[in-house]
Amino acid sequence: MAATIDLTLDAADAQALAAFWRTALGYIDEPPPAPFRTREEWHASFDPPEDDSVDDGAWLCDPDGNGSRLAILKVPEPKTAKNRLHMDVRVPGHGTPDERWARIRAESERLVRAGGTALETFDGHHIMMADPEGNEFCVAASSA
């Protein structure tokens with residue numbers, strides 16, 4: 001059986017970054033693990049320090065259960081360098097290369113309106129972007 005992966009992003013503001021990634025990926029807040037009814041109840045089970053809040057993290061998942069889970073955790077230090085690992089947001093759909101490129105451009109524009117930044121365009125192939133905290137990712141066409 002193959003291993004699965006979860007992705008974790010460090011953040012200055014976990015809730016704001018989670019809002020962007022919910023929009024970008026169509027993800028939802030992941031329900032708390034059983035037997036907990038709320039994330040607050042789950043968080044309290046760790047007996048966290050007084051200054052540690054459940055809002056210092058966000059847990060997102062694909063509503064269809066297919067994609068990797070995404071955790072976003074508040075950290076004290078800022079991002080200082082280029083990511084060594086990044087996500088590719090794949091835009092679905094078939095069609096001609098021009099039609100696929102139009103979908104990539106439209107998705108990039110949507111993510112700019114959601115708070116992202118277009119960093120570099122590789123005409124006809126992909127657009128390198130950054131989320132609101134500077135984490136790099138690419139928007140490209142899906143393979144199918």
# chains A, B, ... in the order shown; residues from 1 in each chain; ligands from 1

call {"tool": "select_by_dssp", "arguments": {"residues": "range 28-124 of chain A", "states": "alpha helix (DSSP H)", "output": "list in words"}}
result
Arg39, Glu40, Glu41, Trp42, His43, Ala44, Pro97, Asp98, Glu99, Arg100, Trp101, Ala102, Arg103, Ile104, Arg105, Ala106, Glu107, Ser108, Glu109, Arg110, Leu111, Val112 and Arg113 of chain A

call {"tool": "closest_atom_pairs", "arguments": {"of": "range 109-136 of chain A", "to": "range 17-20 of chain A", "cutoff": "8 Å", "atoms": "only C-alpha atoms", "output": "CSV"}}
result
residue,atom,partner,partner_atom,distance
A:Ala114,CA,A:Phe20,CA,6.3
A:Gly115,CA,A:Phe20,CA,6.9
A:Gly116,CA,A:Phe20,CA,7.9
A:Asp131,CA,A:Phe20,CA,7.4
A:Pro132,CA,A:Leu17,CA,6.7
A:Glu133,CA,A:Leu17,CA,7.3

call {"tool": "write_last_selection", "arguments": {"atoms": "all heavy atoms", "output": "short mmCIF file (atom, residue, chain, number, x, y, z; two decimals), in the first residue's frame"}}
result
data_model
loop_
_atom_site.label_atom_id
_atom_site.label_comp_id
_atom_site.auth_asym_id
_atom_site.auth_seq_id
_atom_site.Cartn_x
_atom_site.Cartn_y
_atom_site.Cartn_z
N ALA A 114 -8.25 36.79 -5.10
CA ALA A 114 -8.39 36.19 -3.77
C ALA A 114 -7.22 36.56 -2.86
O ALA A 114 -7.23 36.18 -1.69
CB ALA A 114 -8.50 34.67 -3.89
N GLY A 115 -6.21 37.26 -3.38
CA GLY A 115 -5.09 37.68 -2.54
C GLY A 115 -3.73 37.16 -2.96
O GLY A 115 -2.72 37.49 -2.34
N GLY A 116 -3.69 36.34 -4.00
CA GLY A 116 -2.42 35.83 -4.50
C GLY A 116 -1.72 36.85 -5.39
O GLY A 116 -2.28 37.89 -5.74
N ASP A 131 1.07 32.83 -2.61
CA ASP A 131 -0.11 33.05 -1.79
C ASP A 131 0.08 34.35 -0.99
O ASP A 131 1.13 35.00 -1.11
CB ASP A 131 -0.42 31.83 -0.93
CG ASP A 131 0.55 31.58 0.21
OD1 ASP A 131 1.34 32.47 0.59
OD2 ASP A 131 0.53 30.45 0.74
N PRO A 132 -0.89 34.77 -0.18
CA PRO A 132 -0.76 36.04 0.53
C PRO A 132 0.45 36.15 1.47
O PRO A 132 0.85 37.26 1.82
CB PRO A 132 -2.07 36.14 1.33
CG PRO A 132 -3.04 35.38 0.50
CD PRO A 132 -2.24 34.22 -0.05
N GLU A 133 1.05 35.02 1.85
CA GLU A 133 2.23 35.07 2.71
C GLU A 133 3.52 34.77 1.95
O GLU A 133 4.58 34.60 2.54
CB GLU A 133 2.07 34.14 3.91
CG GLU A 133 0.99 34.64 4.85
CD GLU A 133 1.13 34.10 6.25
OE1 GLU A 133 2.15 33.47 6.58
OE2 GLU A 133 0.19 34.32 7.03
#

call {"tool": "closest_residue", "arguments": {"among": "A:Phe137, A:Trp21, A:Phe36, A:Phe46", "to": "Val89 in chain A", "atoms": "only C-alpha atoms"}}
result
A:Phe137

call {"tool": "residues_around", "arguments": {"residues": "Pro92 in chain A", "least_positions_apart": "5", "cutoff": "10 Å", "atoms": "only C-alpha atoms", "output": "mmCIF file with N, CA and C atoms, in the first residue's frame"}}
result
data_model
loop_
_atom_site.group_PDB
_atom_site.id
_atom_site.type_symbol
_atom_site.label_atom_id
_atom_site.label_comp_id
_atom_site.auth_asym_id
_atom_site.auth_seq_id
_atom_site.Cartn_x
_atom_site.Cartn_y
_atom_site.Cartn_z
ATOM 1 N N ARG A 100 -6.671 25.411 -22.972
ATOM 2 C CA ARG A 100 -6.078 25.114 -21.660
ATOM 3 C C ARG A 100 -5.365 26.346 -21.115
ATOM 4 N N ARG A 103 -7.751 28.808 -19.632
ATOM 5 C CA ARG A 103 -8.220 28.388 -18.296
ATOM 6 C C ARG A 103 -7.146 28.670 -17.244
ATOM 7 N N ILE A 104 -5.892 28.445 -17.571
ATOM 8 C CA ILE A 104 -4.800 28.729 -16.635
ATOM 9 C C ILE A 104 -4.774 30.228 -16.316
ATOM 10 N N ALA A 140 -1.299 25.412 -13.447
ATOM 11 C CA ALA A 140 -1.050 24.722 -14.709
ATOM 12 C C ALA A 140 -2.276 23.889 -15.068
ATOM 13 N N ALA A 141 -2.280 23.346 -16.261
ATOM 14 C CA ALA A 141 -3.388 22.475 -16.694
ATOM 15 C C ALA A 141 -3.196 21.089 -16.119
ATOM 16 N N SER A 142 -4.310 20.421 -15.854
ATOM 17 C CA SER A 142 -4.224 19.020 -15.426
ATOM 18 C C SER A 142 -3.839 18.174 -16.628
ATOM 19 N N SER A 143 -3.318 16.992 -16.325
ATOM 20 C CA SER A 143 -2.879 16.110 -17.404
ATOM 21 C C SER A 143 -4.038 15.392 -18.079
ATOM 22 N N ALA A 144 -5.197 15.407 -17.426
ATOM 23 C CA ALA A 144 -6.349 14.710 -18.024
ATOM 24 C C ALA A 144 -7.540 15.632 -18.108
#

call {"tool": "residues_around", "arguments": {"residues": "range 63-71 of chain A", "least_positions_apart": "3", "cutoff": "8 Å", "atoms": "only C-alpha atoms", "output": "list in words"}}
result
Thr4, Ile5, Asp6, Leu7, Thr8, Leu9, Gly26, Tyr27, Ile28, Gly57, Ala58, Trp59 and Leu60 of chain A

call {"tool": "atom_distance", "arguments": {"atom1": "CA of Thr117 in chain A", "atom2": "CA of His94 in chain A"}}
result
25.8 Å

call {"tool": "select_by_dssp", "arguments": {"residues": "chain A", "states": "strand (DSSP E)", "output": "VMD selection string"}}
result
chain A and resid 7 to 11 28 to 29 57 to 61 70 to 74 87 to 91 117 to 122 126 to 130 136 to 141

call {"tool": "closest_residue", "arguments": {"among": "A:Glu50, A:Glu30, A:Glu41, A:Asp10", "to": "Asn135 in chain A", "atoms": "only C-alpha atoms"}}
result
A:Asp10

call {"tool": "atom_distance", "arguments": {"atom1": "CA of Met128 in chain A", "atom2": "CA of Cys61 in chain A"}}
result
23.1 Å

call {"tool": "residues_around", "arguments": {"residues": "Ala102 in chain A", "least_positions_apart": "6", "cutoff": "12 Å", "atoms": "only C-alpha atoms", "output": "list of chain:residue names"}}
result
A:Val91, A:Pro92, A:Gly93, A:His94, A:Gly95, A:Thr96, A:Ser108, A:Glu109, A:Asp123, A:Gly124, A:His125, A:His126, A:Ile127, A:Val139, A:Ala140, A:Ala141

call {"tool": "write_last_selection", "arguments": {"atoms": "C-alpha atoms", "output": "tab-separated table (two decimals), in the first residue's frame"}}
result
chain	number	residue	atom	x	y	z
A	91	VAL	CA	-6.87	23.44	-13.72
A	92	PRO	CA	-9.16	20.67	-15.06
A	93	GLY	CA	-10.49	20.31	-18.56
A	94	HIS	CA	-9.59	19.16	-22.03
A	95	GLY	CA	-9.28	21.14	-25.22
A	96	THR	CA	-6.71	22.74	-27.41
A	108	SER	CA	-4.49	32.84	-12.07
A	109	GLU	CA	-6.62	35.99	-12.32
A	123	ASP	CA	3.51	31.35	-21.82
A	124	GLY	CA	1.39	28.42	-22.80
A	125	HIS	CA	2.52	26.26	-19.89
A	126	HIS	CA	2.08	27.63	-16.33
A	127	ILE	CA	2.03	30.71	-14.14
A	139	VAL	CA	-1.11	27.19	-11.82
A	140	ALA	CA	-1.05	24.72	-14.71
A	141	ALA	CA	-3.39	22.47	-16.69

call {"tool": "atom_distance", "arguments": {"atom1": "CA of Asp51 in chain A", "atom2": "CA of Pro32 in chain A"}}
result
21.1 Å
